[in-house]
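Asks: Take this structure first; my questions come after.
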Amino acid sequence: MKEQYEPKIIEQRAQDYWQDNKVFSVSEDTTKEKYYCLSMFPYPSGRLHMGHVRNYTIGDVISRYQRMLGKNVLQPMGWDAFGLPAENAAIKNNVPPAAWTRENIDYMRDQLKRLGLGYDWDREFATCDPDYYRWEQWLFTRLYKKGLVYKKTSPVNWCPNDLTVLANEQVIDGKCWRCDSEVERKDIPQWFMKITDYADELLNELDGLTGWPEQVVTMQRNWIGRSQGVDIVFDIADSKDKLKVFTTRPDTLMGVTYVAVAAEHPLAHQAAEKHSNVAAFIKECAAVGTAEATIEKLEKKGIDTGMKAIHPITGQKVPVFIANFVLMGYGEGAVMSVPAHDQRDWEFANKYGLPIQQVIEPGEDAVDIEVDLKSSAYVDKGRLIHSGEFDGLSSEQAFDKIADKLSQHNKGNKRITYRLRDWGVSRQRYWGTPIPIINCKKCGEVPVAEKDLPVKLPEDVEFDGVGSPIKKMPSFYNTKCPKCGGKAQRETDTFDTFMESSWYYARFACVDNNKAMLDERAKYWLPVDQYVGGIEHAILHLLYARFFNKLMRGVGLVENDEPIDNLLTQGMVVATTFYREKDGKKEYFSPAEVDTEVDRKGQIERAILLADSKPVVVGSVEKMSKSKSNGVDPQHLIEEYGADTARLFIMFTAPPDQSLEWSDTAVEGSFRFLRRLWRVVFEHVQAGPTVQLDASSLNDKQKTLRRQVHATIKKISDDVGRRFTFNTAIAAVMELMNTIGKFDDRSDMSRAILQEAFESIILMLSPIVPHFCHSLWSELSPNSISIEDQSWPVADESALQRDELEMIVQVNGKLRGRICVPADADRNEVEATALADDNVKRFVEGLAIVKVIVVPAKLVNIVVK
């Protein structure tokens with residue numbers, strides 16, 4: 001064994017061993033409990049960032065620990081390879097997206113291996129592989145035939161720069177999340193999947209996801225957004241047209257003073273044909289996307305159509321406005337407006353001089369509340385006023401009474417509705433899975449036949465930066481109709497890349513099957529026992545994965561109702577920013593470009609730019625990002641300190657669900673700890689073999705050390721196995737090492753205890769710093785099986801037993817002494833020992849003892865007066 005810790009040498013040696021022996025390759029084994037640990041797979045952008053490193057290290061530590069418990073552990077890795085960045089790179093670098101993507105995969109795969117991540121690389125795939133997306137296309141055609149897929153024209157968020165549809169979540173402050181272009185509203189035909197058919201199931205089964213963070217469950221519950229309300233029909237004066245709205249507050253119906261429709265509503269188009277100013281307003285609305293978050297921030301604008309809607313109960317006529325805050329894709333594309341009891345309606349009414357009619361007053365339990373409609377709307381529920389036959393009813397009572405009245409006159413009915421909308425899966429981009437539909441003038445939409453799947457995406461293409469190249473490729477575009485054999489055209493839209501990431505967890509179970517999407521192996525491995533990934537995927541990715549699981553269950557591919565049993569959402573990696581400000585703009589510098597001075601606590605006090613030796617501003621601590629130049633290249637970290645130092649720092653600095661603040665000082669501290677542990681074990685090994693441990697022959701000092709060893713095993717087993725507080729587990733090892741450092745007995749039996757201690761430490765650290773422990777284990781226990789086949793250590797309960805207990809003694813709550821009593825001492829013996837203590841006697845002498853409180857194994861409190 002070498003005296004010095006040499007990360008590069010031992011890490012390469014361990015990785016070679018894992019690869020040559022296929023240590024982490026697994027197959028189905030019904031004799032073992034299975035454990036499927038999965039981390040959200042990366043987009044192959046070119047290089048790993050520290051967020052990747054943290055995510056995958058957490059998953060690897062969990063996997064290795066579960067493996068040591070004797071479970072059959074699957075931990076795979078793949079690549080979320082389709083997407084817009086590859087197209088942008090193709091335009092910028094004049095290289096096809098396929099080549100750019102696969103080069104990045106090769107580089108990033110090497111980075112993952114250098115981190116020592118225990119993946120079953122035999123199961124690796126990229127979502128841009130035709131062997132993968134073929135089955136996605138296959139399922140889509142099945143769903144089309146079942147009526148769960150359809151095409152319709154609808155308003156979408158359109159990025160004029162990237163020429164593609166954006167999900168609402170991809171619109172940030174009215175701009176594209178990637179290129180920052182202003183998003184427009186556009187009507188185009190696109191494909192949808194009926195996720196709304198599963199809304200109730202997706203909502204109800206959230207209650208069973210006890211292994212998910214409550215925050216994620218709440219976010220999904222709100223996104224699905226189940227509401228009970230009433231459909232209400234308004235007739236349109238002097239017309240056969242009718243206007244339907246949905247409301248969750250029918251109790252406010254008598255306060256309607258206008259109705260508002262979306263710019264795409266049929267009534268809006270009718271008005272536009274008659275009035276040029278209305279047409280101009282509709283065009284203005286089209287320049288805004290469909291994202292709710294964007295709409296809410298807009299100045300509320302509208303225009304009178306000139307039409308009148310007839311109130312379904314009073315018969316009064318109210319104006320019909322077009323409003324920019326009403327979206328056609330939500331509800332009926334129309335709302336009844338009650339300015340007195342809705343703040344948005346109140347603002348709009350004040351702007352356009354519309355009546356504000358109060359119909360709700362505070363209920364009996366809120367009589368002290370004053371309603372001032374001049375300052376704002378009164379939005380709470382209460383008691384109805386100015387509502388004719390409904391006066392005096394509570395809002396809850398009025399809900400049913402008004403709904404019944406509308407139903408009797410065929411003007412409305414109760415209905416359950418959802419905020420959730422069907423999933424638009426079309427994207428007007430090239431680098432994605434081709435949608436397997438053929439468009440025939442005679443036969444219409446025709447699914448591609450199974451024998452003709454996959455519809456392969458042409459990979460040898462040239463980009464000019466405008467639209468999709470496959471739309472300009474007759475060899476791909478033109479084809480024959482599977483039904484009539486006539487001339488037809490392929491669908492040139494590609495799938496939303498969330499399609500690929502919504503079922504990859506299942507394909508890992510049977511990646512080598514070229515005859516079916518999934519097989520019996522998926523039923524063995526699913527559901528995923530532990531999923532690790534960022535909370536930014538809480539809604540879309542995780543909701544779509546749950547939906548896809550139900551689709552696959554519907555065609556008999558899986559049996560489980562939910563795809564993921566336990567979810568861990570790791571925190572962000574954050575770091576200090578450095579910048580200079582010029583002309584009102586900040587120029588950021590990376591940590592590698594500055595030299596810093598720190599205080600005793602490791603906090604940065606001053607920084608200078610290496611290029612000119614002049615000061616830069618030490619900014620705030622923010623999420624690592626390219627825009628702030630505060631990222632740290634994992635490759636440089638591995639080169640300087642080794643992968644195990646990176647892993648130890650990441651797991652020790654913060655609990656996995658909290659933000660991790662980067663600290664060069666802490667990284668160096670992690671490296672020093674590993675060097676110290678290496679040196680201590682080296683000295684132990686150099687002293688020669690140890691004798692067999694005989695627990696019955698230990699003296700008190702030896703028993704104390706062994707007790708701490710096994711107490712540490714017990715604590716760390718709980719920290720890692722149940723709590724996922726890896727930082728406290730590492731801290732416990734460090735505390736034990738400090739105790740060992742002070743233990744100066746080197747007798748045969750003491751060395752036997754140290755052997756047990758070091759073996760336990762190396763086993764418990766092996767999931768976290770696997771290369772380091774792989775090497776040390778072979779030195780500590782050269783005649784045993786490799787550490788990868790060792791079991792997790794188990795605490796010896798007999799070692800935890802104490803012959804004597806130390807208890808503190810208080811007098812009137814103040815510490816006055818410490819006593820040692822036999823571990824099996826009864827209350828009377830403890831009390832007598834406490835009262836006999838010399839120091840305690842001083843504080844009770846001459847005083848009356850009122851009572852003596854004994855807390856077993858902890859303290860004695862003597863109350864005197």
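Within each chain, counting starts at residue 1; across the structure tokens, chains are named A, B, ... in the order shown, with ligands numbered 1 upward in that order.
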Could you pull the residues within 10 Å of Pro591 (chain A), counting only C-alpha atoms, minus those fewer than 2 positions along the same chain, as a list in words?
Replies: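 Returned residues: Ala575, Thr576, Thr577, Phe578, Tyr588, Phe589, Glu593, Val594, Asp595, Thr596, Ala607, Leu609, Ser629, Asn630, Gly631, Val632, Asp633 and Asp664 of chain A.
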Asks: If we count only C-alpha atoms and set the cut-off at 12 Å, which residues sit around region 809-816 of chain A, ignoring sequence neighbours fewer than 6 positions away in its own chain? Please answer as a ChimeraX atom specification.
Replies: /A:830-845,847-865
Asks: Can you list, as a list in words, every protein, DNA or RNA residue that comes within 10 Å of Ile236 (chain A) when you count only C-alpha atoms, leaving out same-chain residues fewer than 2 positions away?
Replies: Val233, Phe234, Asp238, Ser239, Lys240, Asp241, Lys242, Leu243, Leu267, Met307, Lys308, Ala309, Ile310, His311, Lys317, Val318, Pro319 and Val320 of chain A
Asks: From a DSSP pass on the backbone, collect the residues of region 141-198 of chain A flagged as strand (DSSP E) and hand them back as a VMD selection string.
Replies: chain A and resid 149 to 159 164 to 166 171 to 172 175 to 176 184 to 193
Asks: Using only C-alpha atoms, which protein or nucleic acid residues come within 6 Å of region 430-440 of chain A? Drop anything in the same chain fewer than 5 positions from it, and give the result as a list of chain:residue names.
Replies: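 In the requested form, the answer reads A:Phe82, A:Gly83, A:Gln137, A:Glu445, A:Val446, A:Pro447, A:Val448, A:Ser468, A:Ala488, A:Gln489, A:Arg490, A:Glu491, A:Thr494, A:Phe495.
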Asks: For each of A:Glu264, A:Asp304, A:Asp20, A:Asp110, take the minimum atom-to-atom distance to Asn277 (chain A), counting only C-alpha atoms, then give the residue where this is smallest.
Replies: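 Among A:Glu264, A:Asp304, A:Asp20, A:Asp110, it is A:Asp304 that comes nearest to Asn277 (chain A).
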Asks: Between CA of Leu648 (chain A) and CA of Phe673 (chain A), what is the distance in Å, rounded to a tenth?
Replies: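 If I compute the distance from CA of Leu648 (chain A) to CA of Phe673 (chain A), I get 9.5 Å.
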Asks: Near region 365-380 of chain A, within 12 Å and counting only C-alpha atoms, which residues show up once chain neighbours fewer than 6 positions away are dropped, as a PyMOL selection string?
Replies: chain A and resi 249+251-252+255+337-350+355-359+394-396
Asks: Would you write out, as CSV, a table of all residues in region 637-668 of chain A that have an atom no more than 10 Å from an atom of region 756-768 of chain A, listing for each the closest atom pair and the distance in Å to one decimal, considering only C-alpha atoms and ordering rows by chain and rising residue number?
Replies:
```
residue,atom,partner,partner_atom,distance
A:Asp644,CA,A:Ile768,CA,7.5
A:Thr645,CA,A:Ile768,CA,9.5
A:Ala646,CA,A:Ile768,CA,9.9
A:Arg647,CA,A:Ile768,CA,6.3
A:Leu648,CA,A:Ile768,CA,6.2
A:Phe649,CA,A:Ile768,CA,9.8
A:Ile650,CA,A:Ile768,CA,9.5
A:Met651,CA,A:Ile768,CA,7.4
A:Phe652,CA,A:Ile768,CA,9.6
```
Asks: Find the spatial neighbours of Val528 (chain A), counting only C-alpha atoms, within a cut-off of 8 Å - ignore same-chain residues fewer than 4 positions away - and output them as a list in words.
Replies: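 Everything that qualifies: Tyr35, Tyr36, Cys37, Leu38, Tyr505, Pro563, Ile564, Asp565 and Asn566 of chain A.
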Asks: Hey, can you check how far CA of Tyr504 (chain A) sits from CA of Val769 (chain A)?
Replies: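 Interatomic distance, CA of Tyr504 (chain A) to CA of Val769 (chain A): 28.5 Å.
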Asks: For Tyr418 (chain A), find every residue with an atom within 10 Å (counting only C-alpha atoms), except residues of its own chain fewer than 2 positions away, and show them as a list in words.
Replies: Thr196, Ala199, Asp200, Asn222, Trp223, Ile224, Gly225, Arg226, Ser227, Gln228, Tyr330, Gly331, Ile416, Leu420 and Arg421 of chain A
Asks: Just the number, please: distance in Å from CA of Ile360 (chain A) to CA of Pro250 (chain A), one decimal.
Replies: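 CA of Pro250 (chain A) lies 11.5 Å from CA of Ile360 (chain A).
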Asks: Could you check which of A:Val256, A:Ile808, A:Met473, A:Ala752 is closest to Pro312 (chain A), using only C-alpha atoms?
Replies: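 Of the candidates, the smallest distance to Pro312 (chain A) is held by A:Val256.
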Asks: Assign secondary structure with DSSP using the backbone only, and return the residues of region 156-348 of chain A in helix (DSSP H, G or I) as a ChimeraX atom specification.
Replies: /A:168-170,195-208,214-224,250-255,266-274,276-286,292-297,339-341,343-348
Asks: Give the answer as one residue: which of A:Glu459, A:Asp400, A:Asp106, A:Asp748 has the shortest atom-to-atom distance to Val691 (chain A), using only C-alpha atoms?
Replies: A:Asp748
